[in-house]
2 protein chains.
Amino acid sequence: MASTQRRSGGTSPAGDRILATASQLFYERGIRATGVNTIAEQAAVTKVTLYAHFGSKDGLVAAHLRARDQRWWTELHEFLAGRTSAEERLKAMFDAYQAWALEGGFRGCGFVNAATEITTPDHPGRAIISDHKEGIRRYLESFATEAGCTDPAEVADEWFLLLEGAMVTAALRQSAEPLHRARQAALRLLPSPSPE
Amino acid sequence: MASTQRRSGGTSPAGDRILATASQLFYERGIRATGVNTIAEQAAVTKVTLYAHFGSKDGLVAAHLRARDQRWWTELHEFLAGRTSAEERLKAMFDAYQAWALEGGFRGCGFVNAATEITTPDHPGRAIISDHKEGIRRYLESFATEAGCTDPAEVADEWFLLLEGAMVTAALRQSAEPLHRARQAALRLLPSPSPE
DNA sequence: TAGAGTACATACCGGTTTGTATAGTTCCCA
DNA sequence: TGGGAACTATACAAACCGGTATGTACTCTA
C-alpha cells in the first residue's frame with residue numbers, strides 16, 4: 001500500500017540514482033564500509049535492480065570511479081577556463097584543489113582513498129585510478145612545456161608530488177592550508193623563463 | 001590431544017604475537033578487510049585472549065599504530081646515524097623512505113592508509129596518526145633550522161608535502177622513483193645558505 | 001598449599017556481508 | 001491487445017562480522 005508511485009522523488013532513472021548514491025557513500029564512508037544494502041535503500045531501489053545495472057559491487061565501484069574521473073575533468077576545465085598563461089593555469093590548478101578541500105565533508109582524494117582500499121591487483125578500479133593520476137600529471141606537464149621548461153616532465157613530476165602530498169595532508173589536518181603551501185612551492189620550482 | 005605444548009614456536013608471549021600479526025595484516029590487507037578471527041587464528045591464539053589483551057578491535061588498531069610509530073622512529077634514527085650536516089640528514093630522510101618503498105609488499109604509508117579507513121573522528125587511532133605526522137614535520141623543521149633557513153617552518157612544510165606525495169605516488173605506481181624525484185625537488189627548495 | 005594470572009577450547013550472540021531466486025507490477029510501444 | 005522492458009517485493013543462501021559466556025588447564029608466587 002501507499003506506493004503506487006515510481007521514482008520516489010528524483011527525476012533520474014534508477015541507474016543514475018544508484019550511481020549517484022554509491023559515489024557519495026563510497027567517498028564519505030569508504031568503499032568497504034558501504035554495503036550494497038545501504039546503497040540500494042538510500043537510492044530507493046531494490047538490490048535486484050542494483051545488480052541488474054552493475055553486475056557486482058566491484059562493477060559499481062568501477063562505475064563510480066569512472067564517473068568521478070569524468071566529473072573532475074569537467075570541473076577542472078571550467079575552473080581553468082579563461083586562464084591563458086602557463087603560470088596562471090598552474091596556479092588555478094592548485095586553486096581548484098584548494099576550493100575542493102574547502103568544501104564540507106572533504107575526505108581527501110577519492111582515487112587515492114579507493115586505491116588504499118583496493119588490495120587485489122586485478123580489480124577494474126586500479127586502471128581507472130592510475131589513468132586518472134597519469135592524466136593529471138600530463139596536464140601539469142603541458143603547463144611546464146608551455147612555460148618553456150628545459151625538462152617539463154621533471155618539473156611536472158615535482159608539481160604532481162606537491163599536489164598529492166597537499167591533498168593527503170589537507171585531509172588529515174582537515175585544512176586547506178597545505179594546498180596554499182604547495183602552490184607556493186610549485187611556483188618556486190618553476191624557473192622564471194625570461195625576466196621581462 | 002597432540003597439544004600439550006604452549007607457545008607453538010615463537011618465544012614471545014601471546015600479546016606480542018597478536019600485535020605482530022595484526023600489524024602485518026592491517027598493513028597488508030587493510031584494517032577493515034582484516035577480521036579479528038583471522039588475526040587470532042594467524043597468531044595461534046584464541047579470540048578470548050585477544051580481547052583480554054586489547055579490549056576491542058579499535059584498541060588493537062590503536063596499539064598497532066603506536067607500535068608502528070615507535071618502530072619507524074627507531075629505524076629512522078638508525079638510518080640517520082652518522083649524518084652530521086643538515087643537508088645530509090635531509091637526503092638520508094628521503095633515502096630512508098625510498099629504502100622502505102623498495103621492500104616487498106610495500107603499500108604506502110600505513111598511517112595515511114589507516115587514516116582513510118578510520119572515518120569516526122573520535123577513534124583513538126586518529127591522534128596517533130596526527131602526532132606521528134607532526135613529529136616527522138618537526139623533524140624536518142629541525143634540519144631547516146640547522147641549515148639556517150630564514151623560515152624553517154615553511155621549508156619543512158614543503159619538504160613534508162613532497163615526502164607525502166612521493167609515498168602516495170610510489171604506492172600507486174609500485175615504484176620507488178617518486179622518492180628520488182621528491183628528494184631532488186627538496187634539495188632545490190633548500191636555499192644554499194652561504195657559498196663557502 | 002592456596003590463589004592469582006594467563007591462556008586454553010568451545011560454543012554462542014545478533015547482525016551484516018555479497019549475491020541470487022522467484023514472482024508480481026507498471027509502463028510504453030507496436 | 002499483447003509483449004517486453006524496467007522495476008518492485010520478498011525471501012533466502014552461506015559466509016563473515018565484532019564480541020561474549022562458560023568452563024578448564026597450567027605455572028608462578030606468596
# chains A, B, ... in the order shown; residues from 1 in each chain; ligands from 1
$ residues_around --residues "DC7 (chain D)" --least-positions-apart "3" --cutoff "9 Å" --atoms "only C-alpha atoms (C1' of nucleotides)" --output "number ranges by chain"
A: 6, 14, 45-46, 49; C: 25-26
$ write_last_selection --atoms "C-alpha atoms (C1' of nucleotides)" --output "PDB file, in the first residue's frame"
ATOM      1  CA  ARG A   6       7.581   5.139  -9.086  1.00  0.00           C
ATOM      2  CA  ALA A  14      17.240   4.006 -11.305  1.00  0.00           C
ATOM      3  CA  VAL A  45      15.858   0.865  -5.330  1.00  0.00           C
ATOM      4  CA  THR A  46      15.858  -2.863  -4.714  1.00  0.00           C
ATOM      5  CA  THR A  49      17.801  -3.593  -9.726  1.00  0.00           C
TER       6      THR A  49
ATOM      7  C1'  DT C  25       3.505  -4.837 -11.099  1.00  0.00           C
ATOM      8  C1'  DT C  26       3.677  -0.883 -14.095  1.00  0.00           C
TER       9       DT C  26
END
$ residues_around --residues "region 117-134 of chain A" --least-positions-apart "5" --cutoff "7 Å" --atoms "only C-alpha atoms (C1' of nucleotides)" --output "list in words"
Val61, Ala62, Leu65, Arg66, Asp69 and Phe111 of chain A; Arg29 and Gly30 of chain B
$ interface_residues --of "chain D" --to "chain A" --cutoff "12 Å" --atoms "only C-alpha atoms (C1' of nucleotides)" --output "PyMOL selection string"
chain D and resi 6-10+17
$ closest_atom_pairs --of "chain C" --to "chain A" --cutoff "9 Å" --atoms "only C-alpha atoms (C1' of nucleotides)" --output "tab-separated table"
residue	atom	partner	partner_atom	distance
C:DT16	C1'	A:Gly35	CA	8.6
C:DT17	C1'	A:Gly35	CA	7.4
C:DT18	C1'	A:Val36	CA	7.8
C:DG19	C1'	A:Ser56	CA	8.1
C:DT20	C1'	A:Val48	CA	8.7
C:DT26	C1'	A:Arg6	CA	8.8
$ interface_residues --of "chain A" --to "chain B" --cutoff "8 Å" --atoms "only C-alpha atoms" --output "number ranges by chain"
A: 29-30, 32-33, 107, 112-113, 115-117, 119, 130, 154, 157-158, 160-166, 168-169, 172-173, 178, 181-182, 185, 188-189
$ select_by_dssp --residues "region 125-193 of chain B" --states "helix (DSSP H, G or I)" --output "PyMOL selection string"
chain B and resi 125-146+152-173+177-189
$ residues_around --residues "DA30 (chain D)" --least-positions-apart "2" --cutoff "10 Å" --atoms "only C-alpha atoms (C1' of nucleotides)" --output "ChimeraX atom specification"
/C:2-3 /D:28
$ atom_distance --atom1 "CA of His64 (chain A)" --atom2 "CA of Thr38 (chain A)"
15.6 Å
$ atom_distance --atom1 "CA of Glu41 (chain B)" --atom2 "CA of Gln70 (chain B)"
25.6 Å
